[in-house]
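Asks: Have a look at this one.
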Amino acid sequence: MPYLVLARKWRPRTFDEVVGQATVTRTLKNALASGRIGHAFLLSGARGVGKTTTARILAKALNCGKGEGPTAEPCGECASCLEITAGTSLDVQEIDGATHNGVEQVRELRESARYNPARDRFKIWIIDEVHMLSTGAFNALLKTLEEPPPRVKFIFATTEYHKIPDTILSRCQQYDFRLIPARELLAHLRQVAEGEGIEVSDDTLARLARAAEGSARDALSLFDQVLSFSGHAVKDEDVSALLGLVDRELLLAASRAVAAGDSMAALELVERLSDYGADYRNFTRELILHFREVLLLKVAPGESGLLAQIVPEERERLRPVAAALSEEDLLRIFEALAKAETDMRLAPDPRVTLEMALLKIVQMRRLLPFADLLARVERLAGGGPATTTTATAPVPALAPVPSARKEVAPAPRATPRPEPAPEPPAPPPAAIVPPTAAEGAGAILQAMLAHAQSRPSLAQALRSARVHEEGDALVLEVAPDYFAMASMHAEEYRELARKASGRPLKVKIAAAAAEPGPAGAETAPAPADRKKEKLLEEASREPAVQEALDLFGGRVVDVRESKG
């Protein structure tokens with residue numbers, strides 16, 4: 001006996017067996033049960049979703065010989081049902097619209113419609129891909145379709161609904177077939193696997209269901225192909241190798257690299273894809289679906305039916321990724337990956353396009369959302385915590401930030417001395433020294449200053465510091481007024497020291513002893529100057545002021561005592 005492929009062997013024989021089209025089948029069953037049966041039906045939808053199969057079941061329901069009239073439950077055992085199933089019925093003609101698309105064929109159909117059925121209750125024409133009929137053929141069919149003989153029924157099926165003339169559409173009952181959800185395809189594949197005695201995991205079946213993209217016929221065809229390779233024991237790796245599907249571990253590695261902001265891991269992943277021989281565009285499509293699952297875990301409650309689309313074991317592995325990414329992050333990721341998938345169609349090197357897309361979404365994790373930036377500005381504008389001083393910065397508003405960031409350079413600042421000179425001399429900031437080239441404690445300090453140019457609140461204490469090494473520790477002796485602020489940022493100074501020296505260094509913060517002024521200098525500043533210096537130091541230590549300095553790249557140039 002010749003082999004029958006799964007798509008034909010497991011073709012539904014009743015309305016209840018049709019997968020994923022409950023609305024259509026329920027409407028047809030109710031119409032048959034109530035006797036409200038039209039004379040022309042139009043079934044439209046994507047490929048492999050059950051249009052032709054439903055047309056045959058409807059033909060059996062109209063002509064089933066078990067009862068005295070049409071029935072919603074054809075028996076499948078009478079002569080009429082068996083002949084329709086086998087495609088040999090004289091009263092049910094199945095026509096291919098692509099090959100019988102001329103006026104002459106429609107004229108023959110009209111002539112045949114004038115005669116009564118040979119045996120069955122109705123004479124039925126099933127025209128598949130009806131949109132392929134010519135304009136003349138459609139026009140020739142109009143009158144017969146509008147007022148057919150009482151024992152004639154037409155059932156049309158099409159994948160391109162928009163190509164059918166409105167004059168035809170208005171004469172038919174229209175039924176739209178949807179793409180079949182992956183969870184329903186998974187259940188159907190599991191039923192087929194159990195019926196065929198095949199050992200296969202739910203994860204493999206879920207991957208086949210996703211690859212079928214809503215088509216039951218495509219899902220069964222893929223399953224047939226896998227069985228030809230694996231036999232009755234299907235392994236997950238066999239499916240990946242045979243169908244070119246992306247390994248779930250690679251998708252998980254990609255999402256983890258994005259969540260961690262690890263650019264190197266993202267590039268290494270693309271290298272693994274190259275070794276694996278995967279199609280970059282297909283991987284991008286799979287990655288979009290993978291991040292969709294992450295989004296579902298992020299927003300759907302635990303009891304939501306949406307989570308049924310994700311294999312339970314996979315949910316637990318995705319939860320840390322979902323916790324690390326915000327909804328805004330995921331929306332930006334979807335946009336970047338969708339653009340990359342489109343660009344790959346014309347890209348001379350799809351690998352580079354994928355690498356740039358992955359690096360882009362990794363960098364997105366480091367961006368400050370505009371809403372957060374605006375909230376910080378509003379918080380600073382409101383004054384933050386109540387203080388007795390008000391500091392002014394060189395950037396008073398958000399708009400001038402881009403230009404201000406270019407012209408602002410942290411000005412040298414000396415340790416507060418009992419001298420009234422407005423600009424005490426201080427060594428200029430050193431150029432950035434490569435970490436491995438820094439030699440000696442003084443060179444390390446200069447390199448730290450260079451690295452801290454973008455953080456004025458850190459650089460202020462460094463400019464007045466003296467430094468020396470004690471074993472594996474770098475001792476920073478800062479002015480007493482800066483000691484509290486420097487101690488608060490000890491971890492950040494440790495990171496600066498590591499970058500500047502190229503080796504791990506401990507950092508100790510100490511308060512420097514007060515230095516005597518130069519000979520001939522005044523022994524004490526005027527009371528107003530002392531008060532101004534004190535206010536400057538207090539303002540510099542305020543957390544809100546430090547935040548403003550770091551946000552706008554500014555420095556404290558003046559301070560006024562609040563009158564409120």
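Ligands are numbered from 1 in the order shown, residues from 1 within each chain, and chains are lettered A, B, ... in the order they appear in the structure tokens.
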Which polymer residues have any atom within 10 Å of an atom of stretch 350-367 of chain A, counting only C-alpha atoms, with same-chain residues fewer than 2 positions away left out, as a PyMOL selection string?
Replies: chain A and resi 254-255+257-271+273-274+279-281+283-284+324-326+329-330+332-341+343-348+369-370
Asks: Output N, CA and C atoms for every residue in that selection, as a tab-separated table (two decimals), in the first residue's frame.
Replies:
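The resulting selection_29.tsv:
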```tsv
chain	number	residue	atom	x	y	z
A	254	ALA	N	21.52	35.13	23.47
A	254	ALA	CA	21.37	36.49	22.93
A	254	ALA	C	20.61	37.38	23.90
A	255	SER	N	19.51	36.90	24.45
A	255	SER	CA	18.73	37.73	25.37
A	255	SER	C	19.49	38.00	26.66
A	257	ALA	N	22.78	38.28	26.89
A	257	ALA	CA	23.81	39.27	26.58
A	257	ALA	C	23.21	40.67	26.54
A	258	VAL	N	22.00	40.78	25.98
A	258	VAL	CA	21.33	42.09	25.94
A	258	VAL	C	20.99	42.56	27.34
A	259	ALA	N	20.44	41.67	28.16
A	259	ALA	CA	20.05	42.04	29.52
A	259	ALA	C	21.26	42.47	30.36
A	260	ALA	N	22.41	41.82	30.10
A	260	ALA	CA	23.62	42.14	30.87
A	260	ALA	C	24.39	43.31	30.27
A	261	GLY	N	24.01	43.79	29.09
A	261	GLY	CA	24.75	44.86	28.43
A	261	GLY	C	26.13	44.43	28.02
A	262	ASP	N	26.29	43.16	27.62
A	262	ASP	CA	27.60	42.58	27.30
A	262	ASP	C	27.81	42.57	25.79
A	263	SER	N	28.54	43.55	25.28
A	263	SER	CA	28.77	43.65	23.83
A	263	SER	C	29.61	42.48	23.32
A	264	MET	N	30.62	42.08	24.09
A	264	MET	CA	31.48	40.99	23.65
A	264	MET	C	30.70	39.68	23.53
A	265	ALA	N	29.80	39.42	24.48
A	265	ALA	CA	28.99	38.21	24.40
A	265	ALA	C	28.10	38.22	23.16
A	266	ALA	N	27.59	39.40	22.78
A	266	ALA	CA	26.74	39.50	21.58
A	266	ALA	C	27.54	39.17	20.33
A	267	LEU	N	28.78	39.69	20.25
A	267	LEU	CA	29.61	39.40	19.08
A	267	LEU	C	30.03	37.94	19.03
A	268	GLU	N	30.33	37.38	20.20
A	268	GLU	CA	30.69	35.95	20.24
A	268	GLU	C	29.50	35.08	19.82
A	269	LEU	N	28.29	35.53	20.13
A	269	LEU	CA	27.10	34.79	19.72
A	269	LEU	C	27.00	34.73	18.19
A	270	VAL	N	27.26	35.85	17.53
A	270	VAL	CA	27.20	35.86	16.06
A	270	VAL	C	28.27	34.94	15.49
A	271	GLU	N	29.42	34.87	16.14
A	271	GLU	CA	30.47	33.94	15.70
A	271	GLU	C	30.00	32.49	15.84
A	273	LEU	N	26.91	31.55	15.65
A	273	LEU	CA	25.94	31.36	14.57
A	273	LEU	C	26.65	31.04	13.26
A	274	SER	N	27.79	31.71	13.02
A	274	SER	CA	28.55	31.45	11.80
A	274	SER	C	29.07	30.01	11.78
A	279	ASP	N	21.05	30.65	9.36
A	279	ASP	CA	20.67	31.77	8.51
A	279	ASP	C	20.43	32.99	9.41
A	280	TYR	N	21.15	34.08	9.14
A	280	TYR	CA	21.09	35.24	10.03
A	280	TYR	C	19.71	35.86	10.05
A	281	ARG	N	19.06	35.92	8.91
A	281	ARG	CA	17.74	36.53	8.86
A	281	ARG	C	16.72	35.67	9.62
A	283	PHE	N	17.45	33.70	12.08
A	283	PHE	CA	17.77	33.87	13.50
A	283	PHE	C	17.14	35.15	14.03
A	284	THR	N	17.18	36.22	13.24
A	284	THR	CA	16.59	37.49	13.68
A	284	THR	C	15.09	37.34	13.89
A	324	ALA	N	15.14	41.72	34.17
A	324	ALA	CA	16.20	42.69	33.90
A	324	ALA	C	15.83	43.73	32.86
A	325	LEU	N	14.83	43.44	32.01
A	325	LEU	CA	14.46	44.35	30.93
A	325	LEU	C	13.12	45.01	31.23
A	326	SER	N	13.02	46.29	30.94
A	326	SER	CA	11.75	47.00	31.11
A	326	SER	C	10.92	46.86	29.83
A	329	ASP	N	12.49	48.93	27.19
A	329	ASP	CA	13.63	48.25	26.58
A	329	ASP	C	13.17	47.27	25.50
A	330	LEU	N	12.16	46.48	25.81
A	330	LEU	CA	11.68	45.46	24.87
A	330	LEU	C	11.09	46.09	23.62
A	332	ARG	N	12.00	48.94	22.28
A	332	ARG	CA	13.13	49.41	21.47
A	332	ARG	C	13.84	48.23	20.81
A	333	ILE	N	13.93	47.11	21.51
A	333	ILE	CA	14.56	45.92	20.94
A	333	ILE	C	13.76	45.41	19.74
A	334	PHE	N	12.43	45.36	19.87
A	334	PHE	CA	11.60	44.90	18.75
A	334	PHE	C	11.82	45.80	17.52
A	335	GLU	N	11.85	47.10	17.76
A	335	GLU	CA	12.01	48.03	16.64
A	335	GLU	C	13.35	47.83	15.95
A	336	ALA	N	14.42	47.67	16.72
A	336	ALA	CA	15.75	47.50	16.14
A	336	ALA	C	15.87	46.18	15.38
A	337	LEU	N	15.33	45.10	15.93
A	337	LEU	CA	15.43	43.79	15.28
A	337	LEU	C	14.56	43.74	14.02
A	338	ALA	N	13.37	44.34	14.07
A	338	ALA	CA	12.51	44.35	12.88
A	338	ALA	C	13.18	45.11	11.74
A	339	LYS	N	13.83	46.22	12.05
A	339	LYS	CA	14.54	46.98	11.01
A	339	LYS	C	15.71	46.17	10.47
A	340	ALA	N	16.42	45.48	11.36
A	340	ALA	CA	17.56	44.67	10.92
A	340	ALA	C	17.10	43.53	10.01
A	341	GLU	N	15.98	42.90	10.35
A	341	GLU	CA	15.47	41.80	9.52
A	341	GLU	C	15.09	42.30	8.13
A	343	ASP	N	16.45	45.04	6.67
A	343	ASP	CA	17.69	45.46	6.01
A	343	ASP	C	18.48	44.28	5.46
A	344	MET	N	18.35	43.12	6.09
A	344	MET	CA	19.13	41.95	5.66
A	344	MET	C	18.76	41.47	4.26
A	345	ARG	N	17.56	41.84	3.79
A	345	ARG	CA	17.15	41.40	2.46
A	345	ARG	C	18.07	41.95	1.39
A	346	LEU	N	18.56	43.18	1.58
A	346	LEU	CA	19.40	43.83	0.58
A	346	LEU	C	20.84	44.01	1.05
A	347	ALA	N	21.14	43.60	2.27
A	347	ALA	CA	22.49	43.83	2.82
A	347	ALA	C	23.51	42.94	2.12
A	348	PRO	N	24.66	43.49	1.73
A	348	PRO	CA	25.70	42.64	1.11
A	348	PRO	C	26.29	41.63	2.09
A	369	PRO	N	16.50	56.88	30.01
A	369	PRO	CA	15.23	57.26	29.39
A	369	PRO	C	14.95	58.74	29.57
A	370	PHE	N	14.34	59.36	28.56
A	370	PHE	CA	14.08	60.79	28.62
A	370	PHE	C	13.18	61.15	29.80
```
Asks: Need to verify the contact set: A:Tyr115, 12 Å, only C-alpha atoms, exclusion of same-chain residues closer than 3 positions in sequence. Can you return it as a VMD selection string?
Replies: chain A and resid 91 108 to 112 118 to 119 122 to 124 148 to 152
Asks: Counting only C-alpha atoms, what is within 12 Å of A:Thr204, bar same-chain residues fewer than 3 positions away, as a ChimeraX atom specification?
Replies: /A:186,189-190,193,199-201,207-211,219,222-223,226,233-240,243,245-248,311
Asks: Between atom CA of A:Glu94 and atom CA of A:Thr23, what is the distance in Å, rounded to a tenth?
Replies: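 Atom-to-atom, atom CA of A:Glu94 and atom CA of A:Thr23 are spaced 24.5 Å apart.
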